[in-house]
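Notes to accompany the following structure.
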Amino acid sequence: MFARQSIARLAAQPSPLCAVPQSARNMATLRELELRLKSVRNIEKITKSMKMIASTRLAKAQRAMQSGKQYGIANSEVFQNAKPEEAPKRKLFVVISSDKGLCGGIHSSVSKATRRSIATGENGGSTDSPVMVIGDKSKAQLSRSLSSNLAITFNQIGRDIPTFADAAGVADLIVKSGIKYDAIVIVHNKFISALSYEPTIVEVLNEEVLKETAGFKAYEMEDDVTKDLAEFSLANAIYAALIEGHACEISARRNAMDNAQKNASDMISSLQMKYNRGRQAAITNELVDIITGASAL
């Protein structure tokens with residue numbers, strides 16, 4: 001009986017060969033913290049560099065936006081004096097975004113505004129309204145909910161500061177696409193300040209609707225004149241939206257990288273504190289082992 005109890009006690013005790021010293025566990029934890037610190041420091045360097053690049057590009061984008069806004073102002077003056085007698089029924093939505101990310105929710109804002117307009121009928125939208133998207137980011141977002149509405153998508157536009165040639169090319173493809181519409185609703189981000197933006201819309205009438213407005217009926221014009229004016233007005237509006245959306249994107253990217261850099265700095269401080277405490281605890285345990293061993297002798 002006593003032999004059985006002795007065997008049971010020996011089996012319950014942990015084997016000295018399988019036991020892991022406390023110092024070894026501390027060293028593993030310290031090694032993991034050290035690797036995480038190194039990784040977060042690298043991320044901080046990347047976000048800091050991206051913030052500096054975005055800050056440099058923001059001033060250039062704002063200057064281009066101020067000059068590009070003149071195209072939109074000229075368009076608004078034309079359409080203020082050419083209001084249709086009846087509201088256009090079929091509308092084509094053109095969503096302005098870009099191909100790049102790491103800029104917060106700037107692409108989601110125009111995608112949400114487009115989905116809301118089509119779902120609720122706001123801004124003349126309907127469930128069968130065609131949608132054209134400039135930029136891969138909004139295309140990926142809208143393809144999940146409005147895949148049947150997507151007619152044409154564009155990419156590689158506005159990788160640097162957009163030009164009027166980019167806008168004219170998009171306008172030409174829209175006119176030649178054969179899609180029937182009475183007006184085009186351009187959804188883009190409006191630049192409010194370096195810290196804020198909001199989605200807005202610009203409506204552009206097509207050639208047939210322009211001819212029926214009271215402002216155009218008062219004058220005798222050839223068909224080619226109205227057609228050229230409609231295409232030029234569309235290119236103007238797209239260019240103003242592209243240039244303003246680009247400035248919003250650069251501003252949002254700078255703010256996003258600034259927040260990421262601050263978060264990385266906070267994480268580095270927290271991890272460094274944990275690393276110092278763990279290292280101090282490991283040293284203390286080693287000193288206790290040394291003193292205990294010396295006193296035992």
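Chains: A, B, ... in order of the structure tokens. Residues: from 1 per chain. Ligands: from 1, in order shown.
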Env of Tyr239 of chain A: 10 Å cut, atoms = only C-alpha atoms, seq-sep filter 4 positions within chain, self excluded. Answer as a ChimeraX atom specification. /A:65,68-69,71-72,162-168,170-171,233-235,243-245
Among segment 93-247 of chain A, which residues carry a DSSP assignment of strand (DSSP E), reported as number ranges by chain? A: 93-96, 131-134, 150-154, 183-191, 197-205
Writer output for current selection, C-alpha atoms, as an mmCIF file, in the first residue's frame:
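Output (selection13.cif):
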data_model
loop_
_atom_site.group_PDB
_atom_site.id
_atom_site.type_symbol
_atom_site.label_atom_id
_atom_site.label_comp_id
_atom_site.auth_asym_id
_atom_site.auth_seq_id
_atom_site.Cartn_x
_atom_site.Cartn_y
_atom_site.Cartn_z
ATOM 1 C CA PHE A 93 -24.208 58.804 -62.051
ATOM 2 C CA VAL A 94 -20.467 59.405 -62.442
ATOM 3 C CA VAL A 95 -18.523 58.631 -59.245
ATOM 4 C CA ILE A 96 -15.125 60.297 -58.817
ATOM 5 C CA VAL A 131 -23.350 54.224 -62.815
ATOM 6 C CA MET A 132 -19.875 55.013 -64.136
ATOM 7 C CA VAL A 133 -16.944 54.903 -61.730
ATOM 8 C CA ILE A 134 -13.541 56.579 -61.985
ATOM 9 C CA LEU A 150 -22.206 49.562 -63.271
ATOM 10 C CA ALA A 151 -21.883 50.529 -66.932
ATOM 11 C CA ILE A 152 -18.281 51.706 -67.409
ATOM 12 C CA THR A 153 -15.321 51.920 -65.036
ATOM 13 C CA PHE A 154 -12.091 53.883 -65.458
ATOM 14 C CA ALA A 183 -28.599 64.441 -67.199
ATOM 15 C CA ILE A 184 -25.337 63.384 -65.615
ATOM 16 C CA VAL A 185 -24.900 63.522 -61.834
ATOM 17 C CA ILE A 186 -21.226 63.782 -60.863
ATOM 18 C CA VAL A 187 -20.568 62.604 -57.289
ATOM 19 C CA HIS A 188 -17.261 63.810 -55.856
ATOM 20 C CA ASN A 189 -15.671 65.069 -52.650
ATOM 21 C CA LYS A 190 -15.818 68.786 -51.940
ATOM 22 C CA PHE A 191 -12.735 70.324 -50.335
ATOM 23 C CA TYR A 197 -14.345 67.239 -46.854
ATOM 24 C CA GLU A 198 -17.866 66.203 -47.797
ATOM 25 C CA PRO A 199 -19.512 64.444 -50.760
ATOM 26 C CA THR A 200 -21.348 66.710 -53.177
ATOM 27 C CA ILE A 201 -23.031 66.450 -56.580
ATOM 28 C CA VAL A 202 -22.888 68.446 -59.814
ATOM 29 C CA GLU A 203 -25.578 67.996 -62.449
ATOM 30 C CA VAL A 204 -24.824 68.402 -66.168
ATOM 31 C CA LEU A 205 -27.578 68.370 -68.812
#
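For the set A:Ala281, A:Leu210, A:Met267, A:Leu287, the residue with the smallest atom-to-atom gap to Leu37 of chain A is A:Met267, counting only C-alpha atoms.
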Which residue is closest to Lys211 of chain A? Choose from A:Val288, A:Asp182, A:Ile192, A:Arg36 and count only C-alpha atoms. A:Asp182
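Distance-wise, atom CA of Arg159 of chain A and atom CA of Asp258 of chain A end up 21.6 Å apart.
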Residues at most 10 Å from Asp136 of chain A, counting only C-alpha atoms, excluding those fewer than 6 positions away in the same chain, as JSON, numbers by chain? {"A": [97, 98, 99, 100, 101, 107, 142, 153, 154, 155, 156]}
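Here atom CA of Val110 of chain A stands at a distance of 21.7 Å from atom CA of Gly169 of chain A.
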All residues 12 Å or closer to Lys180 of chain A, only C-alpha atoms, same chain fewer than 2 positions away omitted, as an MDAnalysis selection string: chainID A and resid 88:93 128:131 151 174:178 182:184 206:208
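Atom CA of Pro84 of chain A lies 14.6 Å from atom CA of Thr226 of chain A.
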In segment 50-181 of chain A, what's alpha helix (DSSP H) per DSSP? Answer as a ChimeraX atom specification? /A:50-80,106-120,136-145,164-176
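With distances restricted to only C-alpha atoms, A:Arg57 is the closest residue to Asp160 of chain A from A:Ile46, A:Asp172, A:Ile179, A:Arg57.
In this comparison, which uses only C-alpha atoms, the residue of A:Arg115, A:Thr56, A:Leu30, A:Ile73 approaching Ala241 of chain A most closely is A:Ile73.
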May I have the residues within 12 Å of Ala59 of chain A as a compact mmCIF listing (two decimals) with N, CA, C and O atoms, in the first residue's frame, using only C-alpha atoms and disregarding those fewer than 4 positions away in the same chain?
# COMPACT_ATOMS: atom_id res chain seq x y z
N MET A 52 5.16 63.15 -44.88
CA MET A 52 5.97 64.24 -45.44
C MET A 52 5.72 64.38 -46.94
O MET A 52 5.61 65.51 -47.46
N ILE A 53 5.60 63.25 -47.64
CA ILE A 53 5.34 63.31 -49.08
C ILE A 53 3.97 63.91 -49.35
O ILE A 53 3.81 64.76 -50.24
N ALA A 54 2.96 63.49 -48.58
CA ALA A 54 1.62 64.03 -48.77
C ALA A 54 1.55 65.51 -48.45
O ALA A 54 0.84 66.28 -49.12
N SER A 55 2.29 65.94 -47.43
CA SER A 55 2.31 67.38 -47.09
C SER A 55 2.91 68.20 -48.22
O SER A 55 2.44 69.30 -48.52
N ARG A 63 -3.10 74.38 -55.14
CA ARG A 63 -2.94 75.40 -56.19
C ARG A 63 -3.63 74.97 -57.47
O ARG A 63 -4.30 75.77 -58.14
N ALA A 64 -3.48 73.68 -57.81
CA ALA A 64 -4.16 73.18 -59.01
C ALA A 64 -5.68 73.20 -58.84
O ALA A 64 -6.42 73.48 -59.79
N MET A 65 -6.15 72.96 -57.62
CA MET A 65 -7.59 72.98 -57.37
C MET A 65 -8.16 74.38 -57.53
O MET A 65 -9.25 74.56 -58.10
N GLN A 66 -7.44 75.39 -57.07
CA GLN A 66 -7.93 76.75 -57.20
C GLN A 66 -8.06 77.17 -58.66
O GLN A 66 -9.02 77.84 -59.05
N ILE A 161 -1.53 64.91 -60.57
CA ILE A 161 -2.57 65.93 -60.66
C ILE A 161 -3.35 65.73 -61.95
O ILE A 161 -2.76 65.67 -63.04
N ALA A 194 -8.22 71.66 -44.93
CA ALA A 194 -7.19 70.62 -44.95
C ALA A 194 -7.55 69.45 -44.05
O ALA A 194 -6.91 68.39 -44.13
N HIS A 246 -8.92 65.14 -56.09
CA HIS A 246 -7.50 64.83 -55.88
C HIS A 246 -6.96 65.58 -54.67
O HIS A 246 -6.21 65.01 -53.86
N ALA A 247 -7.32 66.85 -54.53
CA ALA A 247 -6.87 67.62 -53.36
C ALA A 247 -7.42 67.03 -52.06
O ALA A 247 -6.71 66.96 -51.05
N CYS A 248 -8.67 66.59 -52.08
CA CYS A 248 -9.26 65.95 -50.90
C CYS A 248 -8.52 64.66 -50.55
O CYS A 248 -8.28 64.36 -49.37
N ILE A 250 -5.33 63.82 -51.23
CA ILE A 250 -4.00 64.09 -50.67
C ILE A 250 -4.12 64.59 -49.24
O ILE A 250 -3.35 64.19 -48.35
N SER A 251 -5.10 65.46 -48.98
CA SER A 251 -5.30 65.97 -47.62
C SER A 251 -5.69 64.84 -46.66
O SER A 251 -5.19 64.75 -45.54
N ARG A 254 -2.64 62.65 -45.88
CA ARG A 254 -1.75 63.28 -44.90
C ARG A 254 -2.30 63.13 -43.49
O ARG A 254 -1.57 62.80 -42.54
